[in-house]
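Note: the block below is start-v2.tsv and it holds TSV, C-alpha atoms.
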chain	number	residue	atom	x	y	z
A	188	MET	CA	98.91	80.19	91.14
A	189	SER	CA	102.04	81.02	89.17
A	190	ALA	CA	103.00	84.69	89.30
A	191	LEU	CA	101.41	86.98	91.87
A	192	ALA	CA	101.79	90.71	92.46
A	193	VAL	CA	101.54	91.88	96.08
A	194	ASP	CA	99.89	95.21	96.95
A	195	THR	CA	100.15	97.31	100.11
A	196	TRP	CA	96.69	96.04	101.08
A	197	ALA	CA	98.00	92.47	101.48
A	198	PHE	CA	101.07	93.54	103.43
A	199	ALA	CA	98.87	95.68	105.71
A	200	GLU	CA	96.46	92.80	106.32
A	201	LEU	CA	99.39	90.63	107.38
A	202	PHE	CA	101.27	92.96	109.69
A	203	GLN	CA	98.06	94.23	111.34
A	204	ALA	CA	96.94	90.59	111.78
A	205	GLY	CA	93.66	91.46	110.08
A	206	PRO	CA	90.76	89.00	109.71
A	207	ARG	CA	91.98	87.82	106.27
A	208	ALA	CA	95.66	87.45	107.20
A	209	ASP	CA	95.54	83.63	107.07
A	210	GLU	CA	93.93	83.69	103.61
A	211	VAL	CA	96.56	86.15	102.38
A	212	THR	CA	99.35	83.94	103.74
A	213	SER	CA	97.92	80.86	101.98
A	214	VAL	CA	97.61	82.63	98.63
A	215	LEU	CA	101.14	84.04	98.85
A	216	ASP	CA	102.46	80.63	99.87
A	217	GLU	CA	100.97	78.97	96.78
A	218	ALA	CA	102.54	81.39	94.27
A	219	ASP	CA	105.66	80.35	92.36
A	220	PHE	CA	106.82	83.87	91.65
A	221	LEU	CA	106.00	86.62	94.12
A	222	PHE	CA	106.79	90.21	93.37
A	223	THR	CA	105.98	93.80	94.17
A	224	THR	CA	107.35	97.22	93.22
A	225	ARG	CA	109.47	99.84	94.88
A	226	GLU	CA	106.41	102.10	95.07
A	227	VAL	CA	104.50	99.49	97.08
A	228	VAL	CA	107.49	99.09	99.39
A	229	ALA	CA	107.59	102.86	99.95
A	230	GLU	CA	103.84	103.10	100.53
A	231	THR	CA	103.86	100.18	102.95
A	232	PHE	CA	106.89	101.54	104.79
A	233	ASN	CA	105.18	104.93	105.14
A	234	PHE	CA	101.95	103.33	106.32
A	235	ILE	CA	103.70	101.39	109.10
A	236	ALA	CA	105.64	104.46	110.17
A	237	ARG	CA	102.43	106.56	110.35
A	238	ARG	CA	100.29	103.85	111.94
A	239	THR	CA	102.77	103.08	114.69
A	240	GLY	CA	104.43	106.48	114.97
A	241	ALA	CA	107.74	104.63	114.93
A	242	THR	CA	110.01	104.26	111.90
A	243	ARG	CA	111.76	101.34	113.56
A	244	TYR	CA	108.73	99.11	112.92
A	245	ALA	CA	108.74	100.04	109.23
A	246	GLN	CA	112.44	99.35	109.11
A	247	ALA	CA	111.95	95.93	110.73
A	248	TRP	CA	109.29	95.10	108.12
A	249	TRP	CA	111.67	96.09	105.31
A	250	ASP	CA	114.46	94.00	106.84
A	251	ASP	CA	112.16	90.96	106.75
A	252	LEU	CA	111.00	91.73	103.22
A	253	ARG	CA	114.63	91.59	102.11
A	254	GLU	CA	114.97	88.14	103.68
A	255	THR	CA	111.92	86.80	101.87
A	256	HIS	CA	111.37	85.54	98.35
A	257	VAL	CA	109.34	88.57	97.24
A	258	ARG	CA	111.15	90.21	94.33
A	259	VAL	CA	110.98	93.97	94.25
A	260	PHE	CA	110.90	95.57	90.81
A	261	GLU	CA	111.65	99.16	90.04
A	262	PRO	CA	109.84	99.95	86.80
A	263	PRO	CA	111.61	102.64	84.76
A	264	LEU	CA	109.64	105.91	84.86
A	265	ASP	CA	109.56	106.34	81.07
A	266	GLU	CA	108.08	102.87	80.57
A	267	LEU	CA	105.60	103.45	83.39
A	268	HIS	CA	104.55	106.76	81.88
A	269	THR	CA	103.92	105.10	78.51
A	270	PHE	CA	101.93	102.33	80.20
A	271	ILE	CA	99.73	104.80	82.06
A	272	HIS	CA	98.93	106.61	78.81
A	273	LYS	CA	98.18	103.39	76.95
A	274	ALA	CA	96.03	102.03	79.78
A	275	SER	CA	94.13	105.33	80.05
A	276	ALA	CA	92.56	103.89	83.18
A	277	ARG	CA	89.52	105.55	84.65
A	278	GLY	CA	88.77	105.41	88.33
A	279	ALA	CA	91.04	105.95	91.30
A	280	LEU	CA	94.17	103.95	90.55
A	281	SER	CA	97.15	105.53	92.28
A	282	PHE	CA	100.67	105.80	90.95
A	283	THR	CA	101.58	102.90	93.24
A	284	ASP	CA	98.71	100.78	91.88
A	285	LEU	CA	99.72	101.54	88.30
A	286	SER	CA	103.35	100.62	88.92
A	287	LEU	CA	102.19	97.24	90.25
A	288	ALA	CA	99.78	96.73	87.35
A	289	PHE	CA	102.53	97.56	84.86
A	290	VAL	CA	104.95	95.00	86.31
A	291	ALA	CA	102.16	92.43	86.72
A	292	GLN	CA	101.36	92.60	83.02
A	293	ARG	CA	105.03	92.47	82.09
A	294	GLU	CA	105.63	89.40	84.28
A	295	GLY	CA	102.56	87.59	82.99
A	296	ALA	CA	100.62	87.76	86.26
A	297	THR	CA	96.86	87.94	86.03
A	298	ALA	CA	96.14	88.31	89.73
A	299	ILE	CA	97.00	90.81	92.44
A	300	ALA	CA	97.01	90.10	96.17
A	301	THR	CA	94.80	93.04	97.09
A	302	GLY	CA	91.29	93.98	98.13
A	303	ASP	CA	91.26	96.93	95.75
A	304	ALA	CA	88.64	96.31	93.04
A	305	GLU	CA	90.05	99.15	90.90
A	306	PHE	CA	92.60	96.74	89.42
A	307	ARG	CA	89.78	95.14	87.40
A	308	ARG	CA	89.83	98.26	85.22
A	309	LEU	CA	93.18	97.03	83.91
A	310	GLY	CA	92.11	93.43	83.37
A	311	LEU	CA	93.79	92.16	86.55
A	312	GLU	CA	91.99	90.11	89.19
A	313	PRO	CA	92.15	91.51	92.74
A	314	LEU	CA	91.98	88.26	94.73
A	315	PHE	CA	90.40	89.76	97.85
A	316	ALA	CA	87.98	92.31	96.37
A	317	ALA	CA	84.24	91.86	96.56
A	318	ARG	CA	82.43	91.14	93.31
B	130	MET	CA	120.56	95.87	83.95
B	131	PRO	CA	117.53	94.19	85.52
B	132	ASP	CA	115.23	96.53	87.40
B	133	VAL	CA	115.23	94.41	90.52
B	134	VAL	CA	116.27	96.19	93.68
B	135	SER	CA	115.83	93.53	96.31
B	136	PHE	CA	116.44	89.80	96.47
B	137	ARG	CA	116.43	87.16	99.11
B	138	VAL	CA	119.32	85.37	97.44
B	139	THR	CA	121.37	87.31	94.86
B	140	ASP	CA	121.11	88.78	91.39
B	141	GLU	CA	122.46	85.41	90.27
B	142	GLU	CA	119.00	83.94	90.84
B	143	LEU	CA	117.40	86.28	88.33
B	144	GLU	CA	120.12	85.53	85.79
B	145	ILE	CA	119.42	81.79	86.12
B	146	ILE	CA	115.67	82.39	85.81
B	147	ASP	CA	116.06	84.60	82.74
B	148	ARG	CA	118.56	82.25	81.07
B	149	THR	CA	116.21	79.30	81.58
B	150	ARG	CA	113.31	81.34	80.25
B	151	ARG	CA	115.25	82.24	77.09
B	152	GLN	CA	116.65	78.75	76.48
B	153	LEU	CA	113.28	77.03	76.84
B	154	GLY	CA	111.27	79.81	75.23
B	155	LEU	CA	109.04	80.15	78.29
B	156	ALA	CA	106.57	83.00	78.44
B	157	THR	CA	107.20	84.30	81.96
B	158	ARG	CA	109.68	84.23	84.81
B	159	ALA	CA	107.09	82.35	86.84
B	160	ASP	CA	107.16	79.56	84.25
B	161	ALA	CA	110.95	79.42	84.52
B	162	VAL	CA	110.80	79.27	88.34
B	163	ARG	CA	108.26	76.45	88.16
B	164	TYR	CA	110.50	74.53	85.73
B	165	LEU	CA	113.61	75.04	87.88
B	166	VAL	CA	111.80	73.91	91.02
B	167	LYS	CA	110.49	70.82	89.22
B	168	GLN	CA	114.02	69.98	88.05
B	169	GLY	CA	115.33	70.40	91.59
B	170	ALA	CA	117.61	73.23	90.47
B	171	MET	CA	115.85	75.74	92.69
B	172	GLN	CA	114.20	75.32	96.05
B	173	ARG	CA	110.59	76.35	96.37
B	174	ALA	CA	110.35	79.22	98.82
B	175	SER	CA	107.72	79.11	101.52
B	176	PHE	CA	106.20	82.49	102.21
B	177	ARG	CA	104.48	81.20	105.34
B	178	ASP	CA	107.79	80.21	106.93
B	179	SER	CA	109.68	83.30	105.77
B	180	PRO	CA	110.49	86.23	108.08
B	181	LEU	CA	107.88	88.35	106.31
B	182	GLY	CA	105.24	85.63	106.60
B	183	ARG	CA	105.68	85.81	110.36
B	184	PHE	CA	106.08	89.58	110.68
B	185	ARG	CA	103.37	91.15	112.85
B	186	LEU	CA	103.23	94.57	114.46
B	187	PRO	CA	102.81	94.64	118.27
B	188	LYS	CA	99.33	93.55	119.36
B	189	ARG	CA	98.05	97.06	120.08
B	190	PHE	CA	98.23	97.68	116.30
B	191	HIS	CA	96.26	94.57	115.34
B	192	THR	CA	92.85	95.14	113.84
B	193	ALA	CA	89.61	93.20	113.93
B	194	ARG	CA	88.70	94.39	110.45
B	195	THR	CA	90.28	94.65	107.03
B	196	TRP	CA	91.38	98.09	105.91
B	197	SER	CA	90.39	99.06	102.39
B	198	GLY	CA	92.94	100.45	99.94
B	199	GLN	CA	91.17	103.81	100.16
B	200	GLU	CA	91.47	103.81	103.95
B	201	ILE	CA	95.17	103.05	103.71
B	202	ASP	CA	95.58	105.94	101.25
B	203	ALA	CA	93.52	108.26	103.45
B	204	TYR	CA	95.53	107.34	106.51
B	205	LEU	CA	98.75	108.03	104.63
B	206	TYR	CA	97.81	111.28	102.96
B	207	ASP	CA	94.43	112.91	103.65
B	208	ASP	CA	94.33	112.50	107.41
B	209	ALA	CA	97.87	113.67	108.11
B	210	GLU	CA	96.72	116.95	109.65
B	211	LYS	CA	94.09	115.29	111.82
B	212	ARG	CA	96.70	113.02	113.33
B	213	GLU	CA	98.97	115.87	114.35

Rendering of file as structure tokens:
Amino acid sequence: MSALAVDTWAFAELFQAGPRADEVTSVLDEADFLFTTREVVAETFNFIARRTGATRYAQAWWDDLRETHVRVFEPPLDELHTFIHKASARGALSFTDLSLAFVAQREGATAIATGDAEFRRLGLEPLFAAR
Amino acid sequence: MPDVVSFRVTDEELEIIDRTRRQLGLATRADAVRYLVKQGAMQRASFRDSPLGRFRLPKRFHTARTWSGQEIDAYLYDDAEKRE
């Protein structure tokens, strides 16, 4: 695995110690270049805050993210807007998903650490989605 | 200006990666990282041993099942009123 984009799904599986947390850890450990986007960071932060009812847990997660080798990209809105139009993706891809897909394509990643099968619509392989 | 807002090390790392990529004509940053690690110029980071690799919420928030992306979205947005 060379470059790998990380979605909220994978972060959630890890911090909730879900049944696939060990698999997610192994896949992330094998990647040479791990990255995500600001939108995923925001979504994950919000999810932790809602799930626990305590912002301090979300803050602790962000602190640890900053100490880890996951690069966080902030795709420019104009470029993202152009990408969304060109991709003309059907289905239920969110703004967050599209930001990750945009950066994944730019960074030459073909896989996403996620269980969300919708990414296949953009030619990206969601590593944890059912076939 | 690179659109990177967070780094474990510094912006210097990205500059080294991008310079290597340009000089060697490599296709992606991942290729440059792999080259630098092979040359011993950059240490390979272990996600498993990183703070984030070990981060877990308190046990009462652990789950015996995997949440789908749709469930995560619903929890964040659609179900806000139900939670209140």

Suppose you want the space between CA of Ala304 in chain A and CA of Phe234 in chain A; what is it in Å? 20.1 Å

Within 7 Å of chain A, which residues of chain B show up when using only C-alpha atoms, listed as an MDAnalysis selection string? chainID B and resid 132:137 157:159 162:163 174:177 179:182 184:186 190:195 197:198 205

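For the pair CA of Glu144 in chain B and CA of Ala298 in chain A, the interatomic distance is 24.5 Å.
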
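The spacing separating CA of Ser286 in chain A from CA of Ala192 in chain A amounts to 10.6 Å.
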
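Counting only C-alpha atoms and comparing A:Ala241, A:Leu287, A:Val227, A:Gly278, the residue that lies closest to Pro187 in chain B is A:Ala241.
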
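Take the candidates B:Asp160, B:Asp202, B:Gln172, B:Leu165 and check each one against Ile145 in chain B using all atoms listed in the file; the shortest distance goes to B:Leu165.
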
Nearest to Val193 in chain A, chosen from A:Val228, A:His272, A:Arg307, A:Leu264, with all atoms listed in the file counted in the distances: A:Val228

Range 254-269 of chain A from the block above: N, CA and C atoms written as an mmCIF file, in the first residue's frame:
data_model
loop_
_atom_site.group_PDB
_atom_site.id
_atom_site.type_symbol
_atom_site.label_atom_id
_atom_site.label_comp_id
_atom_site.auth_asym_id
_atom_site.auth_seq_id
_atom_site.Cartn_x
_atom_site.Cartn_y
_atom_site.Cartn_z
ATOM 1 N N GLU A 254 -0.247 14.603 16.425
ATOM 2 C CA GLU A 254 1.019 13.971 16.799
ATOM 3 C C GLU A 254 1.321 12.746 15.938
ATOM 4 N N THR A 255 0.478 12.500 14.965
ATOM 5 C CA THR A 255 0.591 11.288 14.155
ATOM 6 C C THR A 255 0.897 11.656 12.715
ATOM 7 N N HIS A 256 1.424 10.688 11.981
ATOM 8 C CA HIS A 256 1.865 10.940 10.620
ATOM 9 C C HIS A 256 0.734 10.963 9.589
ATOM 10 N N VAL A 257 -0.428 11.402 9.954
ATOM 11 C CA VAL A 257 -1.527 11.536 8.994
ATOM 12 C C VAL A 257 -1.549 12.993 8.537
ATOM 13 N N ARG A 258 -1.252 13.218 7.249
ATOM 14 C CA ARG A 258 -1.259 14.596 6.761
ATOM 15 C C ARG A 258 -2.700 15.041 6.527
ATOM 16 N N VAL A 259 -2.969 16.273 6.871
ATOM 17 C CA VAL A 259 -4.325 16.795 6.676
ATOM 18 C C VAL A 259 -4.291 17.849 5.578
ATOM 19 N N PHE A 260 -4.991 17.582 4.489
ATOM 20 C CA PHE A 260 -5.041 18.533 3.385
ATOM 21 C C PHE A 260 -6.315 19.370 3.459
ATOM 22 N N GLU A 261 -6.170 20.567 2.936
ATOM 23 C CA GLU A 261 -7.307 21.486 2.911
ATOM 24 C C GLU A 261 -7.537 21.896 1.460
ATOM 25 N N PRO A 262 -8.287 21.078 0.713
ATOM 26 C CA PRO A 262 -8.438 21.377 -0.712
ATOM 27 C C PRO A 262 -9.131 22.717 -0.937
ATOM 28 N N PRO A 263 -8.562 23.548 -1.826
ATOM 29 C CA PRO A 263 -9.178 24.847 -2.110
ATOM 30 C C PRO A 263 -10.605 24.663 -2.648
ATOM 31 N N LEU A 264 -11.521 25.507 -2.192
ATOM 32 C CA LEU A 264 -12.936 25.340 -2.557
ATOM 33 C C LEU A 264 -13.171 25.414 -4.062
ATOM 34 N N ASP A 265 -12.458 26.327 -4.750
ATOM 35 C CA ASP A 265 -12.672 26.454 -6.197
ATOM 36 C C ASP A 265 -12.304 25.155 -6.912
ATOM 37 N N GLU A 266 -11.158 24.576 -6.513
ATOM 38 C CA GLU A 266 -10.713 23.324 -7.142
ATOM 39 C C GLU A 266 -11.678 22.183 -6.823
ATOM 40 N N LEU A 267 -12.168 22.185 -5.588
ATOM 41 C CA LEU A 267 -13.114 21.143 -5.176
ATOM 42 C C LEU A 267 -14.428 21.270 -5.955
ATOM 43 N N HIS A 268 -14.859 22.496 -6.145
ATOM 44 C CA HIS A 268 -16.090 22.745 -6.882
ATOM 45 C C HIS A 268 -15.962 22.236 -8.324
ATOM 46 N N THR A 269 -14.822 22.525 -8.935
ATOM 47 C CA THR A 269 -14.570 22.052 -10.310
ATOM 48 C C THR A 269 -14.571 20.528 -10.357
#
